[in-house]
Structures are given as structure tokens and as C-alpha cells.
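Written below as C-alpha cells is the structure these notes are about.
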Amino acid sequence: MVNLSKIELTKRGQSINLTKSQDQGIGEILVNLNWNQQSVKPSGGFLSSLFGTKSSSGIDLDLGCLFELTDGSKSCVQALGNAFGNLHSPPFVELDGDDRTGMVSGGENLRINGDKVKDIKRVLVYAFIYEGVANWSEADGIVTINYKTGPSIEVRLNEHRNGKNMCAIAMIENVNNETFKVERLVEYFNGHKEMDDAYHWGLSWRAGRK
């Protein structure tokens with residue numbers, strides 16, 4: 001039986017356009033990241049020293065995005081560097097907060113102002129492991145995209161590339177200034193710059209902390 005209230009993008013490159021009603025438009029697009037927080041045992045190896053893993057720590061999985069507006073401006077929205085964005089003025093993308101444990105039932109939320117579709121060229125939604133060993137199979141992450149005029153869109157981070165701390169999850173791209181196409185990516189990288197290069201954003205990156 002097909003569940004029309006939820007669509008799961010299961011293959012890389014699979015995409016769907018958001019539906020809109022004539023009287024309502026698209027409205028707010030809510031991108032939610034949830035994951036299972038599990039304690040990570042110290043391995044005593046390279047990854048342990050690299051990520052500073054402690055026996056009491058779990059995985060801190062962060063939600064963020066790269067954005068490009070139709071006026072050519074580009075940057076990122078993420079907790080790292082306190083770049084939380086703004087929903088009602090450029091970049092029309094805003095991060096709610098930062099769940100450091102994965103135990104907050106609401107997870108982390110990224111909001112996109114779908115009524116500003118003419119101003120937004122593309123948004124690359126990503127997650128990265130800020131603390132803990134880069135073990136995506138233990139994180140068991142899932143991203144759900146909700147909006148008021150169509151079914152939920154679900155992307156599971158189940159194509160694991162353990163050892164890489166960055167995952168490009170989905171591309172949300174302007175379609176004729178009318179709606180957005182959501183494309184599944186789930187591609188893993190060693191960091192922001194490598195992901196930036198792969199999707200040709202052209203930003204300058206430096207180390208930062210929350």
C-alpha cells in the first residue's frame with residue numbers, strides 16, 4: 001500500500017518537485033534532522049585522537065546548508081560559527097538550534113521560506129559530525145522535509161561512509177521560480193571544503209568552533 005503522506009527518496013539522484021496550491025504557494029519548508037545518540041567507546045587509534053573521542057561522549061551530528069540566492073550571494077547556515085541565518089530576510093533560511101546529544105525528540109530544524117522561491121537558487125542540505133568518531137552507521141540519521149501543500153519527503157543516511165565526517169544529504173533547487181526540486185544526494189566528504197568543491201559553491205573555509 002502506497003503512503004501518499006510520505007515519499008522516501010531511496011536512490012542517489014532520485015528527485016521530486018514540491019507541490020503548491022494556487023492560493024497558498026509553498027509556504028515554509030521544514031527540514032528536520034534526527035539521529036540516535038549512542039555512546040562511542042574509545043578505539044585508541046587514529047580516529048580517536050583525530051576527533052578527541054571520550055568514553056562518555058556520543059556523536060554530535062549537526063544540520064546545516066549551503067545556499068545560493070538568485071542575486072548571486074552565497075554562504076552557509078549552521079551552528080558552527082553561529083551562522084543561524086534568517087527566515088524572513090536574506091538568506092530566507094534559518095536554523096532553529098543545535099542538539100548536541102541527538103536525544104531531543106524534535107532533533108534539529110532548518111527552515112526555508114518557500115514563499116521566497118524567486119530569491120533562492122539552490123540550497124544544499126548537509127550534516128556533519130562535530131564531535132565523536134565519524135561513524136554514520138551508529139548515528140542512523142534521517143532527514144524529513146515537511147511543507148503544508150504536499151507529502152513529507154524522507155531521506156535516510158543509510159549509505160554509510162564511516163571515517164568521513166560530512167554528508168551532503170539533498171539539493172533543493174529552484175524550478176522556473178515556481179517551486180523547488182528536492183534531489184537525494186547522500187554523498188560523504190572529509191569536510192566542508194571538499195563538499196564545496198564537489199558542488200562548485202566557491203566559498204572560502206577556515207576552522208571554527210561552536
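To be explicit about the labels: the chains of the C-alpha cells are called A, B, and onward in the order shown, and within each one the residues are counted from 1, while ligands get numbers from 1 in the order they are shown.
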Long-range neighbours of Val143 (chain A) as a list in words, 8 Å cut-off, only C-alpha atoms, 3 positions minimum in chain: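 In the requested format, the answer is Val31, Asn32, Leu33, Asn34, Glu154, Val155, Arg156 and Leu157 of chain A.
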Strand (DSSP E) positions in region 25-195 of chain A, given as a PyMOL selection string: chain A and resi 28-34+60-69+74-78+85-86+93-95+108-113+120-131+142-146+152-156+166-175+179-189
Pull the closest atom pair for each residue of region 126-161 of chain A that gets at most 12 Å from region 112-121 of chain A, along with the distance in Å to one decimal, counting only C-alpha atoms, ordering rows by chain and then ascending residue number, as a tab-separated table.
```
residue	atom	partner	partner_atom	distance
A:Ile145	CA	A:Ile112	CA	10.2
A:Asn146	CA	A:Ile112	CA	10.5
A:Tyr147	CA	A:Gly114	CA	8.8
A:Lys148	CA	A:Gly114	CA	10.4
A:Thr149	CA	A:Gly114	CA	11.0
```
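Residues in contact range of region 3-13 of chain A, defined as at most 8 Å between only C-alpha atoms, with sequence neighbours fewer than 3 positions away removed, read Gly150, Pro151, Ser152, Ile153, Glu154, Val155, Arg156, Glu183, Arg184, Leu185 and Val186 of chain A.
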Selection near region 69-80 of chain A, 9 Å with only C-alpha atoms, sequence-local residues under 2 positions removed, as JSON, numbers by chain: {"A": [62, 63, 64, 65, 66, 67, 82, 83, 84, 85, 90, 91, 93, 94, 95, 97, 98, 110, 118, 119, 120, 121, 122, 123, 130, 201, 202, 203, 208, 209, 210]}
Pick from A:Tyr188, A:Val182, A:Arg206, A:Glu159 nearest to Thr144 (chain A), counting only C-alpha atoms: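 Comparing A:Tyr188, A:Val182, A:Arg206, A:Glu159 against Thr144 (chain A), the winner is A:Val182.
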Contacts of Glu187 (chain A) at 8 Å (only C-alpha atoms; same-chain gap of 5+ positions) as JSON, numbers by chain: {"A": [167, 168, 169]}
Just the selected residues (all heavy atoms), exported as an mmCIF file, in the first residue's frame, please.
```cif
data_model
loop_
_atom_site.group_PDB
_atom_site.id
_atom_site.type_symbol
_atom_site.label_atom_id
_atom_site.label_comp_id
_atom_site.auth_asym_id
_atom_site.auth_seq_id
_atom_site.Cartn_x
_atom_site.Cartn_y
_atom_site.Cartn_z
ATOM 1 N N CYS A 167 28.303 14.820 5.294
ATOM 2 C CA CYS A 167 27.390 14.155 4.365
ATOM 3 C C CYS A 167 26.519 15.185 3.674
ATOM 4 O O CYS A 167 25.763 15.916 4.330
ATOM 5 C CB CYS A 167 26.516 13.140 5.097
ATOM 6 S SG CYS A 167 25.309 12.312 4.012
ATOM 7 N N ALA A 168 26.624 15.274 2.359
ATOM 8 C CA ALA A 168 25.693 16.080 1.564
ATOM 9 C C ALA A 168 24.428 15.253 1.393
ATOM 10 O O ALA A 168 24.460 14.166 0.816
ATOM 11 C CB ALA A 168 26.304 16.416 0.208
ATOM 12 N N ILE A 169 23.314 15.745 1.917
ATOM 13 C CA ILE A 169 22.093 14.942 2.001
ATOM 14 C C ILE A 169 21.165 15.167 0.817
ATOM 15 O O ILE A 169 20.719 14.221 0.167
ATOM 16 C CB ILE A 169 21.340 15.266 3.307
ATOM 17 C CG1 ILE A 169 22.228 14.938 4.512
ATOM 18 C CG2 ILE A 169 20.017 14.506 3.377
ATOM 19 C CD1 ILE A 169 21.694 15.482 5.818
#
```
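Interatomic distance, CA of Glu108 (chain A) to CA of Asn177 (chain A): 27.6 Å.
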For Glu138 (chain A), the nearest of the candidates A:Asn162, A:Asn176, A:Gln14, A:Ser204, counting only C-alpha atoms: A:Asn162
Interatomic distance (Å, one decimal) between CA of Phe128 (chain A) and CA of Gly191 (chain A): 8.0 Å
From A:Ala139, A:Leu30, A:Ile129, A:Leu61, residue lying nearest Asn109 (chain A) [only C-alpha atoms]: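 Closest residue, counting only C-alpha atoms: A:Leu30.
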